[in-house]
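*Asks:* Sharing protein-v6.txt below, compact mmCIF, C-alpha atoms and all ligand atoms:
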# COMPACT_ATOMS: atom_id res chain seq x y z
CA MET F 27 -17.34 -13.48 21.66
CA ARG F 28 -14.16 -14.23 23.59
CA VAL F 29 -11.59 -11.45 23.86
CA VAL F 30 -8.15 -12.94 24.47
CA ARG F 31 -4.82 -11.25 25.01
CA THR F 32 -2.34 -14.09 25.38
CA ILE F 33 -1.27 -16.95 23.12
CA ASP F 34 -2.33 -19.46 25.80
CA ALA F 35 -5.80 -17.93 26.08
CA LEU F 36 -6.15 -17.96 22.29
CA GLN F 37 -5.22 -21.66 22.09
CA GLU F 38 -7.66 -22.39 24.92
CA ALA F 39 -10.50 -20.43 23.26
CA LYS F 40 -9.89 -22.20 19.94
CA LYS F 41 -10.66 -25.53 21.61
CA ASN F 42 -14.33 -24.44 21.68
CA LEU F 43 -14.46 -23.94 17.92
CA PHE F 44 -15.62 -26.92 15.92
CA GLY F 45 -15.53 -26.43 12.18
CA SER F 46 -13.81 -24.15 9.70
CA ILE F 47 -12.09 -20.97 10.88
CA GLY F 48 -11.72 -17.79 8.81
CA PHE F 49 -9.13 -15.30 10.02
CA VAL F 50 -8.97 -11.51 9.62
CA PRO F 51 -5.74 -9.85 10.84
CA THR F 52 -5.93 -6.09 11.44
CA MET F 53 -4.22 -3.24 13.25
CA GLY F 54 -7.53 -2.09 14.71
CA ALA F 55 -9.37 1.26 14.54
CA LEU F 56 -11.81 -0.84 12.58
CA HIS F 57 -13.88 0.67 9.76
CA LYS F 58 -16.21 -0.63 7.06
CA GLY F 59 -13.25 -1.92 5.04
CA HIS F 60 -12.27 -4.24 7.89
CA LEU F 61 -15.93 -5.10 8.44
CA SER F 62 -16.31 -6.26 4.82
CA LEU F 63 -13.43 -8.70 5.38
CA ILE F 64 -15.09 -9.99 8.56
CA GLN F 65 -18.43 -10.37 6.76
CA GLN F 66 -16.84 -12.33 3.94
CA ALA F 67 -15.08 -14.55 6.48
CA LYS F 68 -18.43 -15.10 8.25
CA LYS F 69 -20.05 -16.18 4.98
CA GLU F 70 -17.36 -18.70 4.11
CA ASN F 71 -16.53 -20.24 7.51
CA LYS F 72 -18.20 -21.60 10.60
CA HIS F 73 -16.07 -19.43 12.89
CA VAL F 74 -14.20 -16.14 12.59
CA ILE F 75 -11.14 -14.97 14.47
CA VAL F 76 -10.07 -11.32 14.22
CA SER F 77 -6.75 -10.02 15.51
CA VAL F 78 -6.01 -6.43 16.47
CA PHE F 79 -2.30 -5.84 16.82
CA VAL F 80 -0.34 -2.69 15.97
CA ASN F 81 2.80 -4.50 14.93
CA PRO F 82 5.93 -2.54 15.91
CA THR F 83 8.28 -4.35 13.52
CA GLN F 84 6.54 -3.02 10.42
CA PHE F 85 6.85 0.64 11.42
CA LEU F 86 10.01 2.48 10.40
CA GLU F 87 11.93 4.90 12.61
CA GLY F 88 9.97 8.19 12.67
CA GLU F 89 6.66 6.64 11.53
CA ASP F 90 3.43 6.81 13.51
CA LEU F 91 3.75 3.70 15.73
CA GLU F 92 3.05 5.67 18.93
CA SER F 93 0.22 7.75 17.53
CA TYR F 94 -1.40 5.06 15.36
CA PRO F 95 -5.13 5.19 16.22
CA ARG F 96 -6.10 2.72 18.93
CA LYS F 97 -9.82 2.19 19.58
CA GLU F 98 -10.03 -0.97 21.61
CA GLU F 99 -13.53 -0.52 22.99
CA ALA F 100 -15.08 0.42 19.65
CA ASP F 101 -13.24 -2.45 17.92
CA ARG F 102 -14.59 -4.88 20.49
CA LYS F 103 -18.16 -3.70 19.86
CA ILE F 104 -17.80 -3.88 16.08
CA CYS F 105 -16.48 -7.44 16.29
CA GLU F 106 -19.17 -8.49 18.75
CA LEU F 107 -21.95 -7.11 16.51
CA ALA F 108 -20.39 -8.73 13.44
CA GLY F 109 -20.56 -12.14 15.12
CA VAL F 110 -16.84 -12.71 15.56
CA ASP F 111 -16.04 -15.75 17.73
CA ILE F 112 -12.61 -14.75 19.04
CA LEU F 113 -10.99 -11.32 19.15
CA PHE F 114 -7.24 -11.67 19.70
CA MET F 115 -5.57 -8.52 21.05
CA PRO F 116 -2.03 -9.45 22.06
CA SER F 117 0.73 -7.24 23.44
CA ALA F 118 4.08 -7.02 21.65
CA ASP F 119 5.63 -9.14 24.44
CA GLN F 120 3.25 -11.95 23.59
CA MET F 121 4.17 -11.83 19.93
CA TYR F 122 7.96 -11.40 20.08
CA GLU F 123 11.04 -12.72 21.81
CA LYS F 124 14.22 -10.67 22.10
CA ASP F 125 16.39 -12.46 19.57
CA GLU F 126 14.22 -13.80 16.79
CA LEU F 127 14.94 -15.24 13.40
CA SER F 128 13.57 -12.99 10.75
CA ILE F 129 11.69 -13.27 7.49
CA GLY F 130 12.86 -11.10 4.62
CA ALA F 131 10.64 -9.73 1.90
CA PRO F 132 11.81 -10.81 -1.57
CA ALA F 133 14.73 -8.73 -2.88
CA VAL F 134 12.89 -7.11 -5.79
CA ARG F 135 9.17 -7.24 -5.14
CA GLY F 136 9.62 -6.38 -1.47
CA TYR F 137 11.71 -3.29 -2.19
CA ILE F 138 9.85 -1.45 -4.93
CA LEU F 139 6.95 1.02 -4.54
CA GLU F 140 5.83 0.76 -0.88
CA GLY F 141 8.94 -1.26 -0.11
CA GLU F 142 11.16 1.44 -1.58
CA LYS F 143 9.39 4.23 0.31
CA ARG F 144 9.30 2.17 3.53
CA PRO F 145 12.38 -0.10 3.40
CA GLY F 146 12.00 -2.98 5.84
CA HIS F 147 8.26 -2.46 6.29
CA PHE F 148 7.37 -5.63 4.44
CA ASP F 149 9.90 -7.72 6.41
CA GLY F 150 8.09 -6.81 9.63
CA MET F 151 4.67 -7.23 8.04
CA LEU F 152 5.49 -10.74 6.74
CA GLN F 153 7.00 -11.71 10.10
CA VAL F 154 3.84 -10.84 12.01
CA VAL F 155 1.47 -12.21 9.38
CA MET F 156 3.32 -15.54 9.42
CA LYS F 157 2.99 -15.67 13.22
CA LEU F 158 -0.69 -14.70 13.17
CA LEU F 159 -1.63 -17.12 10.39
CA ASN F 160 0.08 -19.95 12.27
CA LEU F 161 -1.62 -19.03 15.53
CA SER F 162 -5.08 -18.71 14.00
CA GLY F 163 -5.36 -22.32 12.86
CA ALA F 164 -7.49 -20.98 10.00
CA LYS F 165 -7.70 -22.49 6.54
CA LYS F 166 -8.70 -19.15 5.01
CA ALA F 167 -7.43 -15.64 5.77
CA TYR F 168 -8.90 -12.43 4.40
CA PHE F 169 -6.87 -9.44 3.19
CA GLY F 170 -7.86 -6.22 1.43
CA LYS F 171 -6.82 -5.40 -2.13
CA LYS F 172 -6.27 -1.89 -0.76
CA ASP F 173 -2.82 -3.06 0.34
CA ALA F 174 -2.15 -4.75 -2.97
CA GLN F 175 1.60 -5.18 -2.62
CA GLN F 176 1.19 -6.55 0.91
CA LEU F 177 -1.38 -9.01 -0.43
CA ALA F 178 0.92 -10.15 -3.25
CA LEU F 179 3.81 -10.67 -0.81
CA ILE F 180 1.65 -12.62 1.64
CA MET F 181 0.49 -14.85 -1.20
CA GLN F 182 4.11 -15.38 -2.17
CA MET F 183 5.07 -16.21 1.43
CA VAL F 184 2.27 -18.78 1.69
CA LYS F 185 3.46 -20.34 -1.57
CA ASN F 186 7.20 -20.22 -0.79
CA TYR F 187 6.78 -21.66 2.72
CA PHE F 188 4.15 -24.24 1.67
CA MET F 189 1.74 -22.89 4.26
CA ASP F 190 -1.59 -24.69 4.48
CA ILE F 191 -3.86 -21.66 4.26
CA GLN F 192 -5.78 -19.93 1.49
CA ILE F 193 -5.42 -16.16 1.13
CA ILE F 194 -8.65 -14.49 0.04
CA PRO F 195 -8.34 -11.03 -1.60
CA CYS F 196 -11.24 -8.69 -0.74
CA ASP F 197 -12.43 -5.61 -2.65
CA ILE F 198 -11.60 -2.07 -1.54
CA VAL F 199 -14.34 -0.31 0.43
CA ARG F 200 -14.65 3.45 -0.21
CA ASP F 201 -16.64 6.30 1.31
CA GLU F 202 -19.46 7.97 -0.61
CA ASN F 203 -16.98 10.27 -2.37
CA GLY F 204 -14.64 7.50 -3.47
CA LEU F 205 -11.95 7.86 -0.80
CA ALA F 206 -10.61 4.40 0.11
CA LEU F 207 -11.30 3.81 3.81
CA SER F 208 -8.20 3.68 6.00
CA SER F 209 -7.60 3.92 9.74
CA ARG F 210 -5.15 6.74 8.93
CA ASN F 211 -7.90 8.88 7.30
CA ILE F 212 -8.66 10.27 10.76
CA TYR F 213 -5.46 12.30 10.43
CA LEU F 214 -7.02 14.23 7.50
CA SER F 215 -8.64 17.64 7.92
CA GLU F 216 -11.79 18.36 5.85
CA GLU F 217 -9.71 20.28 3.32
CA GLU F 218 -7.17 17.44 3.11
CA LYS F 219 -9.98 14.92 2.66
CA CYS F 220 -11.06 16.84 -0.45
CA ARG F 221 -7.52 16.82 -1.81
CA ALA F 222 -7.19 13.13 -0.93
CA LEU F 223 -9.96 12.43 -3.44
CA SER F 224 -7.44 13.12 -6.21
CA LEU F 225 -6.10 9.58 -5.66
CA SER F 226 -9.38 7.81 -6.46
CA LYS F 227 -10.17 10.41 -9.14
CA SER F 228 -6.87 9.62 -10.86
CA LEU F 229 -7.74 5.92 -10.82
CA LYS F 230 -11.17 6.69 -12.30
CA ARG F 231 -9.42 8.70 -15.00
CA ALA F 232 -7.19 5.70 -15.71
CA THR F 233 -10.23 3.43 -16.00
CA LYS F 234 -11.87 5.85 -18.43
CA CYS F 235 -8.71 6.00 -20.57
CA ILE F 236 -8.46 2.22 -20.66
CA MET F 237 -12.14 1.84 -21.50
CA SER F 238 -11.63 4.17 -24.43
CA GLY F 239 -8.95 1.78 -25.70
CA GLU F 240 -5.73 3.38 -24.39
CA LEU F 241 -3.42 0.59 -23.16
CA ASP F 242 -0.07 2.41 -23.19
CA ALA F 243 1.01 2.53 -19.53
CA GLU F 244 3.01 5.78 -19.88
CA ILE F 245 0.07 7.61 -21.47
CA VAL F 246 -2.34 6.37 -18.79
CA LYS F 247 0.12 7.42 -16.07
CA SER F 248 0.46 10.92 -17.55
CA LYS F 249 -3.35 11.31 -17.54
CA MET F 250 -3.40 10.26 -13.89
CA LEU F 251 -0.67 12.75 -12.99
CA GLU F 252 -2.79 15.58 -14.43
CA VAL F 253 -5.48 14.74 -11.87
CA LEU F 254 -2.95 14.19 -9.09
CA LYS F 255 -1.74 17.80 -9.28
CA GLU F 256 -4.27 18.45 -6.48
CA ALA F 257 -2.32 16.17 -4.13
CA ASP F 258 0.62 17.63 -2.16
CA ALA F 259 3.27 15.14 -3.00
CA VAL F 260 2.72 12.23 -5.30
CA GLU F 261 5.12 9.47 -4.30
CA TYR F 262 4.46 7.12 -7.17
CA VAL F 263 2.05 6.09 -9.89
CA ALA F 264 2.71 2.55 -11.07
CA ILE F 265 1.21 0.09 -13.50
CA VAL F 266 2.17 -3.51 -12.78
CA ASP F 267 0.90 -6.99 -13.42
CA ARG F 268 -0.65 -9.03 -10.59
CA LYS F 269 2.83 -10.23 -9.60
CA PHE F 270 4.14 -6.67 -9.48
CA ASN F 271 6.25 -6.77 -12.62
CA GLY F 272 6.22 -3.37 -14.37
CA LEU F 273 4.06 -3.21 -17.52
CA LYS F 274 4.52 -1.10 -20.64
CA LYS F 275 1.18 -2.21 -22.02
CA ILE F 276 -1.87 -2.71 -19.83
CA GLU F 277 -3.09 -6.31 -19.82
CA ILE F 278 -6.80 -6.46 -19.11
CA GLY F 279 -7.43 -9.00 -16.35
CA ASN F 280 -3.81 -8.94 -15.14
CA THR F 281 -3.05 -5.33 -14.19
CA ILE F 282 -2.97 -3.29 -10.99
CA ILE F 283 -2.69 0.50 -11.16
CA LEU F 284 -1.34 1.99 -7.95
CA VAL F 285 -0.92 5.45 -6.55
CA ALA F 286 0.65 6.78 -3.35
CA ALA F 287 0.71 10.38 -2.15
CA ARG F 288 1.28 12.32 1.01
CA ILE F 289 -1.73 14.48 1.87
CA GLY F 290 -0.85 16.59 4.89
CA LYS F 291 0.43 14.19 7.54
CA PRO F 292 -0.49 10.73 6.27
CA ARG F 293 0.70 8.83 3.24
CA LEU F 294 -2.29 7.46 1.38
CA ILE F 295 -2.32 4.56 -1.05
CA ASP F 296 -4.99 3.40 -3.45
CA ASN F 297 -5.25 1.16 -6.48
CA ILE F 298 -7.55 -0.47 -9.01
CA TRP F 299 -7.42 -3.95 -10.48
CA VAL F 300 -7.97 -3.86 -14.20
P1 LIG K 401 -4.95 -2.63 8.64
O1 LIG K 401 -5.73 -2.62 9.90
O2 LIG K 401 -4.87 -1.27 7.99
O3 LIG K 401 -3.62 -3.32 8.77
O4 LIG K 401 -5.79 -3.49 7.61
C1 LIG K 401 -6.21 -4.80 7.92
C2 LIG K 401 -6.79 -5.42 6.69
O5 LIG K 401 -7.89 -4.66 6.23
C3 LIG K 401 -5.77 -5.50 5.52
O6 LIG K 401 -5.93 -6.73 4.85
C4 LIG K 401 -6.21 -4.33 4.66
O7 LIG K 401 -5.86 -4.48 3.30
C5 LIG K 401 -7.71 -4.36 4.85
N1 LIG K 401 -8.29 -3.05 4.53
C6 LIG K 401 -7.92 -1.84 5.00
N2 LIG K 401 -8.65 -0.86 4.44
C7 LIG K 401 -9.51 -1.47 3.58
C8 LIG K 401 -10.52 -1.00 2.68
N3 LIG K 401 -10.80 0.30 2.56
N4 LIG K 401 -11.20 -1.92 1.97
C9 LIG K 401 -10.92 -3.24 2.08
N5 LIG K 401 -9.97 -3.75 2.90
C10 LIG K 401 -9.29 -2.87 3.65
Just dump the structure as structure tokens.
Ligand code: AMP
*Replies:*
Amino acid sequence: MRVVRTIDALQEAKKNLFGSIGFVPTMGALHKGHLSLIQQAKKENKHVIVSVFVNPTQFLEGEDLESYPRKEEADRKICELAGVDILFMPSADQMYEKDELSIGAPAVRGYILEGEKRPGHFDGMLQVVMKLLNLSGAKKAYFGKKDAQQLALIMQMVKNYFMDIQIIPCDIVRDENGLALSSRNIYLSEEEKCRALSLSKSLKRATKCIMSGELDAEIVKSKMLEVLKEADAVEYVAIVDRKFNGLKKIEIGNTIILVAARIGKPRLIDNIWV
């Protein structure tokens, strides 16, 4: 595995790859969720490139940019063991100039739910993802359904900008109790981890409701909120279609149910695709 830190070194290293490239962009502190993306990329491509870059432009003032977990050595080992060909770990200077043109998230879909709670976050995310996808030279890139709104916006960007890359959505990986894995889970105390389970429990409750034939979005949301009482501060519960339009009636095969809550320090998000 080649570990490269500059754009030039990445372009040089890519010259040794012959055949299809799958790309997995991450912010590091890799866990089994990231690993599942890498494994899927390995299955479907001859080569895999992973990037680790804590992108400053997607963090808002007062968010955890400085303290975001950084585990370079462990990430390197995980990638090496997983059979990654190139690990790209650039600095912010490599990725950005001083006065750049910017990419804006769409006016509605980019500013609801996560985009409403973190205004501007998706602009920065799309900006860096565009750069990374272009640099990777990959024909397929792998993203987790865990960040469902991010995934929908990236798919829209690829469509709107006629980018020649396929975005592959990957299933959410959870721990044995159901908590969706996230690099930010390390901020949780044991007691907070227990409370954090209310997110996945509320989604299980929603599934149960739907399986019993309840398709009214408001009723399903109210059942979820009963379970979410255990969480400190629920930020939103939303039921949308796969393009993030609000739904009054759940459409099987075209619905995402999302929840966000602050548990102690971190904001946690989770969802299910129905
Ligand atoms: P991050 O490092 O948090 O920016 O995540 C990098 C990629 O891994 C994104 O596409 C995430 O959606 C994905 N990801 C993060 N957590 C999980 C998880 N628990 N299961 C599946 N994919 C995940």
*Asks:* Name the residues, by chain letter and number, that sit within 7 Å of ligand LIG 401 (chain K) using all atoms listed in the file, and give them as a list in words.
*Replies:* Pro51, Thr52, Met53, Gly54, Leu56, Gly59, His60, Ser62, Leu63, Tyr168, Phe169, Gly170, Lys171, Lys172, Asp173, Cys196, Asp197, Ile198, Val199, Arg200, Ala206, Leu207, Ser208 and Ser209 of chain F
*Asks:* Kindly indicate which residue among F:Ala164, F:Ala178, F:Met189, F:Met27 lies nearest to Ala108 (chain F), using only C-alpha atoms for the distances.
*Replies:* F:Met27
*Asks:* CA of Ala286 (chain F) and CA of Tyr262 (chain F), how far apart in Å?
*Replies:*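 Taking CA of Tyr262 (chain F) as the start and CA of Ala286 (chain F) as the end point, the length is 5.4 Å.
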*Asks:* Any idea what's packed within 7 Å of region 141-149 of chain F, counting only C-alpha atoms, ignoring anything in its chain fewer than 3 positions away? Could you give it as a list in words?
*Replies:*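 Contacts, in chain order: Gln84, Phe85, Leu86, Ile129, Gly130, Ala131, Gly136, Tyr137, Ile138, Leu152 and Gln153 of chain F.
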*Asks:* To one decimal place in Å, what is the distance between CA of Asn271 (chain F) and CA of Ser128 (chain F)?
*Replies:*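 CA of Ser128 (chain F) lies at a distance of 25.3 Å from CA of Asn271 (chain F).
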*Asks:* Could you please determine the separation between CA of Ile298 (chain F) and CA of Leu229 (chain F) in Å, to one decimal place?
*Replies:* 6.6 Å
*Asks:* For each of F:Ala222, F:Val74, F:Ile112, F:Cys235, take the minimum atom-to-atom distance to Ser46 (chain F), counting all atoms listed in the file, then give the residue where this is smallest.
*Replies:*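 With all atoms listed in the file as the atom set, the closest residue is F:Val74.
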*Asks:* Between F:Ala232, F:Ile33, F:Val184, F:Leu161, which has the minimum distance to Ile47 (chain F) (counting all atoms listed in the file)?
*Replies:*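 Of all the options, F:Leu161 lies closest to Ile47 (chain F).
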*Asks:* Choose the residue, out of F:Ile180, F:Ile194, F:Ile282, F:Val78, that has the smallest atom-to-atom separation from Arg31 (chain F); count all atoms listed in the file.
*Replies:*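 Residue with the minimum atom-to-atom distance to Arg31 (chain F): F:Val78.
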*Asks:* Which is closer to Val30 (chain F) than all the others in F:Lys275, F:Lys97, F:Lys58, F:Arg102, using only C-alpha atoms?
*Replies:*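 Smallest separation from Val30 (chain F) among the options: F:Arg102.
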*Asks:* Which is closest to Leu251 (chain F) among F:Ala55, F:Ile236, F:Met121, F:Leu225, if we use all atoms listed in the file?
*Replies:*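 Closest to Leu251 (chain F) of all the choices is F:Leu225.
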